[in-house]
Amino acid sequence: MGSKWDWQVFLQDTGGGRTYLEWLMSAWGWTLSVALMSLVVALVVGSLVGILRTTPNKWFVGFGNAWTELFRNIPLLVQIFLWYHVIPSIFLSLRALPSIILVVFALGFFTSARISEQVKAGIQALPKGQRYAGLAMGLTLPQTYRYVLLPMAFRIVIPPLTSESMNIVKNSSVAFAVSIAELTMFAMQAQEETSRGIEIYLAVTLLYFVSAFAINRLALFIENRVQVPGMIGGGK
Amino acid sequence: MTALDFTFLNWNIVSNFILKGLIFSVQLTIVAMIGGIAIGTLLALMRLSGKKWLVMPAAFYVNTLRSIPLVMVILWFFLLIPLLIGRPLGAEVSAIVTFTVFEAAYYSEIMRAGIQSVPKGQVYAGYAVGMTYKQCMQLVVLPQAFRNMLPVLLTQTIILFQDTSLVYAIGAYDLLKGFEVAGKNFNRPVETYLTAAVVYFIICFSLSMIVRRLQKKIAIIR
């Protein structure tokens with residue numbers, strides 16, 4: 001490997017009036033923003049689609065299944081290109097949107113397919129009697145979901161949702177392909193400019209670790225807070 | 001909206017630009033699947049060996065690779081391999097090495113679950129008839145683990161096929177790149193990206209249908 005470590009590379013000026021360290025931190029911010037915004041989209045859309053797939057209405061089920069298959073069977077990078085290149089050229093009004101929004105929708109919808117699977121499995125894991133009991137008491141179907149099924153189902157799916165949230169941080173790296181200034185984009189450009197690839201990549205990899213670990217802890221905290229005593233995973 | 005025009009996508013273009021990429025994507029998928037399952041099985045056996053000096057490195061390998069985005073792993077290997085072997089390696093070869101090493105971490109988790117799904121009595125029975133550890137694994141445990149996990153291994157392979165598109169990061173010529181080059185040459189990027197999505201969807205959707213059918217068959221055997 002020849003030359004020694006040179007961590008001072010992070011204090012060098014990029015030529016744009018800031019150091020590589022400042023650029024790295026701003027890139028981390030972009031990664032976290034893309035990941036968190038996509039997570040919100042994915043959770044909302046994924047839950048909705050997952051719920052639709054468990055309703056008695058076969059049109060809803062068909063729509064939910066089609067949605068899941070569509071977004072699960074096209075590679076994320078291709079989906080990002082679709083949102084970035086194809087959709088704005090078909091719907092001209094979307095041209096004004098900043099590219100980060102398009103990426104958030106791409107990553108959010110891609111992940112929503114996986115989340116819908118988890119939510120569906122969570123609802124189906126509940127005994128059928130719960131649904132019947134709710135309906136028999138005179139609750140409407142939406143009420144049965146709101147007050148009976150979902151409060152339990154969401155607790156069941158927290159562990160798989162945690163790993164999806166960690167995946168979304170990792171998958172946000174694909175946004176480099178449409179020039180979002182996130183960590184991977186930083187890694188590629190800073191490596192090119194400084195030729196200190198190893199130091200740059202190590203720093204970026206570490207930040208990915210830290211981000212995923214933070215999400216993992218946060219999810220564990222939520223999981224413990226919402227635990228139902230005597231149910232799943234053993235509350236006290 | 002500009003009218004879509006797919007007429008330029010004739011057989012000539014497909015065979016010149018896209019087929020080459022498709023062949024590489026399939027090649028990459030198959031090599032990484034075989035290599036990944038082989039290394040992954042070894043890692044799974046290490047993690048289940050109960051010997052600390054085997055468990056620790058295997059766990060480190062698997063957990064590290066699973067927490068780094070694939071794109072970063074691709075970039076890491078593309079940077080490190082030339083430094084280690086002293087000469088540049090093409091993006092394609094680099095991608096094959098990367099995917100084999102990377103997928104091994106994921107396949108190893110599947111194989112670990114598969115091995116653990118085999119009842120303990122099977123192992124005891126193997127030892128009771130005088131088999132060595134190697135014989136017992138080879139003849140009794142691993143065949144059952146493979147069969148139980150076949151649908152999951154294949155599902156992971158479909159994900160692997162989708163992920164091969166990420167070699168975009170180092171400019172290797174895969175299926176997606178083939179479409180992109182064709183789109184750039186004929187100034188029809190919208191049409192080629194759409195076609196790429198359809199082609200990927202057809203391949204992955206039909207594969208996952210096959211896996212689903214297989215899953216039902218295996219469920220009956222069990």
# chains A, B, ... in the order shown; residues from 1 in each chain; ligands from 1
$ interface_residues --of "chain B" --to "chain A" --cutoff "6 Å" --atoms "only C-alpha atoms" --output "JSON, numbers by chain"
{"B": [1, 69, 83, 162, 190, 200, 201, 204, 205]}
$ write_last_selection --atoms "N, CA and C atoms" --output "short mmCIF file (atom, residue, chain, number, x, y, z; two decimals), in the first residue's frame"
data_model
loop_
_atom_site.label_atom_id
_atom_site.label_comp_id
_atom_site.auth_asym_id
_atom_site.auth_seq_id
_atom_site.Cartn_x
_atom_site.Cartn_y
_atom_site.Cartn_z
N MET B 1 -46.19 16.43 -23.40
CA MET B 1 -45.37 15.22 -23.28
C MET B 1 -44.85 14.81 -24.64
N PRO B 69 -23.35 -0.62 2.92
CA PRO B 69 -24.11 -0.64 1.66
C PRO B 69 -23.30 -1.33 0.57
N LEU B 83 -4.50 -2.33 -5.36
CA LEU B 83 -3.43 -2.04 -4.41
C LEU B 83 -2.80 -3.33 -3.91
N GLN B 162 -31.01 -8.52 -9.06
CA GLN B 162 -31.38 -7.10 -9.08
C GLN B 162 -30.20 -6.22 -8.68
N VAL B 190 -35.47 7.81 -22.30
CA VAL B 190 -36.73 7.50 -21.62
C VAL B 190 -37.21 6.10 -22.03
N TYR B 200 -36.28 -6.25 -16.56
CA TYR B 200 -35.94 -6.70 -15.20
C TYR B 200 -37.18 -7.28 -14.51
N PHE B 201 -38.32 -6.58 -14.69
CA PHE B 201 -39.53 -7.05 -14.02
C PHE B 201 -39.91 -8.45 -14.50
N CYS B 204 -37.41 -11.09 -13.08
CA CYS B 204 -37.50 -11.31 -11.62
C CYS B 204 -38.87 -11.87 -11.24
N PHE B 205 -39.93 -11.35 -11.91
CA PHE B 205 -41.26 -11.83 -11.55
C PHE B 205 -41.42 -13.30 -11.92
#
$ residues_around --residues "stretch 21-36 of chain A" --least-positions-apart "2" --cutoff "7 Å" --atoms "only C-alpha atoms" --output "PyMOL selection string"
chain A and resi 10-11+18-19+38-40+104+168-169+172+181-183+186
$ select_by_dssp --residues "stretch 43-229 of chain A" --states "helix (DSSP H, G or I)" --output "JSON, numbers by chain"
{"A": [43, 44, 45, 46, 47, 48, 49, 50, 51, 52, 58, 59, 60, 61, 62, 63, 64, 65, 66, 67, 68, 69, 70, 71, 72, 76, 77, 78, 79, 80, 81, 82, 83, 84, 85, 86, 87, 88, 89, 90, 92, 93, 94, 95, 96, 99, 100, 101, 102, 103, 104, 105, 106, 107, 108, 109, 110, 111, 112, 113, 114, 115, 116, 117, 118, 119, 120, 121, 122, 123, 124, 128, 129, 130, 131, 132, 133, 134, 135, 136, 141, 142, 143, 144, 145, 146, 147, 148, 149, 150, 151, 152, 153, 154, 155, 156, 158, 159, 160, 161, 162, 163, 164, 165, 166, 167, 168, 169, 170, 171, 172, 173, 174, 175, 176, 177, 178, 183, 184, 185, 186, 187, 188, 189, 190, 191, 192, 193, 194, 197, 198, 199, 200, 201, 202, 203, 204, 205, 206, 207, 208, 209, 210, 211, 212, 213, 214, 215, 216, 217, 218, 219, 220, 221, 222, 223, 224, 225]}
$ residues_around --residues "A:Thr194" --least-positions-apart "2" --cutoff "10 Å" --atoms "only C-alpha atoms" --output "ChimeraX atom specification"
/A:9-10,12,14,20,189-192,196-197,200
$ write_last_selection --atoms "C-alpha atoms" --output "CSV table (one decimal), in the first residue's frame"
chain,number,residue,atom,x,y,z
A,9,VAL,CA,-6.8,15.1,4.0
A,10,PHE,CA,-10.0,16.0,5.8
A,12,GLN,CA,-7.8,20.2,3.1
A,14,THR,CA,-12.0,21.3,-1.5
A,20,TYR,CA,-13.4,17.8,3.1
A,189,GLN,CA,-15.8,12.4,-5.7
A,190,ALA,CA,-13.4,13.0,-2.8
A,191,GLN,CA,-11.5,9.8,-3.7
A,192,GLU,CA,-11.1,11.1,-7.2
A,196,ARG,CA,-6.7,9.3,-0.4
A,197,GLY,CA,-9.4,6.7,-1.1
A,200,ILE,CA,-12.2,8.7,2.7
$ closest_residue --among "B:Thr164, B:Leu80, B:Met33, B:Arg147" --to "B:Tyr106" --atoms "only C-alpha atoms"
B:Met33
$ atom_distance --atom1 "atom CA of A:Met37" --atom2 "atom CA of A:Ile180"
14.1 Å
$ residues_around --residues "B:Ile210" --least-positions-apart "4" --cutoff "12 Å" --atoms "only C-alpha atoms" --output "number ranges by chain"
B: 150-151, 154-155, 158, 203-206, 214-217
$ write_last_selection --atoms "N, CA and C atoms" --output "short mmCIF file (atom, residue, chain, number, x, y, z; two decimals), in the first residue's frame"
data_model
loop_
_atom_site.label_atom_id
_atom_site.label_comp_id
_atom_site.auth_asym_id
_atom_site.auth_seq_id
_atom_site.Cartn_x
_atom_site.Cartn_y
_atom_site.Cartn_z
N LEU B 150 -33.84 -24.16 0.06
CA LEU B 150 -33.76 -23.88 -1.38
C LEU B 150 -34.58 -22.66 -1.80
N PRO B 151 -35.85 -22.54 -1.38
CA PRO B 151 -36.61 -21.35 -1.81
C PRO B 151 -35.97 -20.05 -1.32
N LEU B 154 -32.91 -19.24 -3.35
CA LEU B 154 -33.24 -18.75 -4.68
C LEU B 154 -33.81 -17.33 -4.61
N THR B 155 -34.60 -17.03 -3.57
CA THR B 155 -35.10 -15.67 -3.42
C THR B 155 -33.93 -14.70 -3.26
N ILE B 158 -32.51 -13.96 -6.57
CA ILE B 158 -33.25 -12.96 -7.35
C ILE B 158 -32.85 -11.56 -6.90
N ILE B 203 -38.06 -10.79 -15.86
CA ILE B 203 -37.12 -11.82 -15.38
C ILE B 203 -37.37 -12.12 -13.91
N CYS B 204 -37.41 -11.09 -13.08
CA CYS B 204 -37.50 -11.31 -11.62
C CYS B 204 -38.87 -11.87 -11.24
N PHE B 205 -39.93 -11.35 -11.91
CA PHE B 205 -41.26 -11.83 -11.55
C PHE B 205 -41.42 -13.30 -11.92
N SER B 206 -40.94 -13.70 -13.11
CA SER B 206 -41.11 -15.12 -13.47
C SER B 206 -40.27 -16.00 -12.55
N LEU B 214 -42.04 -23.89 -6.23
CA LEU B 214 -41.08 -24.80 -5.59
C LEU B 214 -41.34 -24.89 -4.09
N GLN B 215 -41.63 -23.72 -3.51
CA GLN B 215 -41.87 -23.65 -2.08
C GLN B 215 -43.03 -24.57 -1.68
N LYS B 216 -44.08 -24.55 -2.51
CA LYS B 216 -45.24 -25.38 -2.21
C LYS B 216 -44.87 -26.85 -2.27
N LYS B 217 -44.08 -27.21 -3.29
CA LYS B 217 -43.65 -28.59 -3.46
C LYS B 217 -42.85 -29.06 -2.25
#
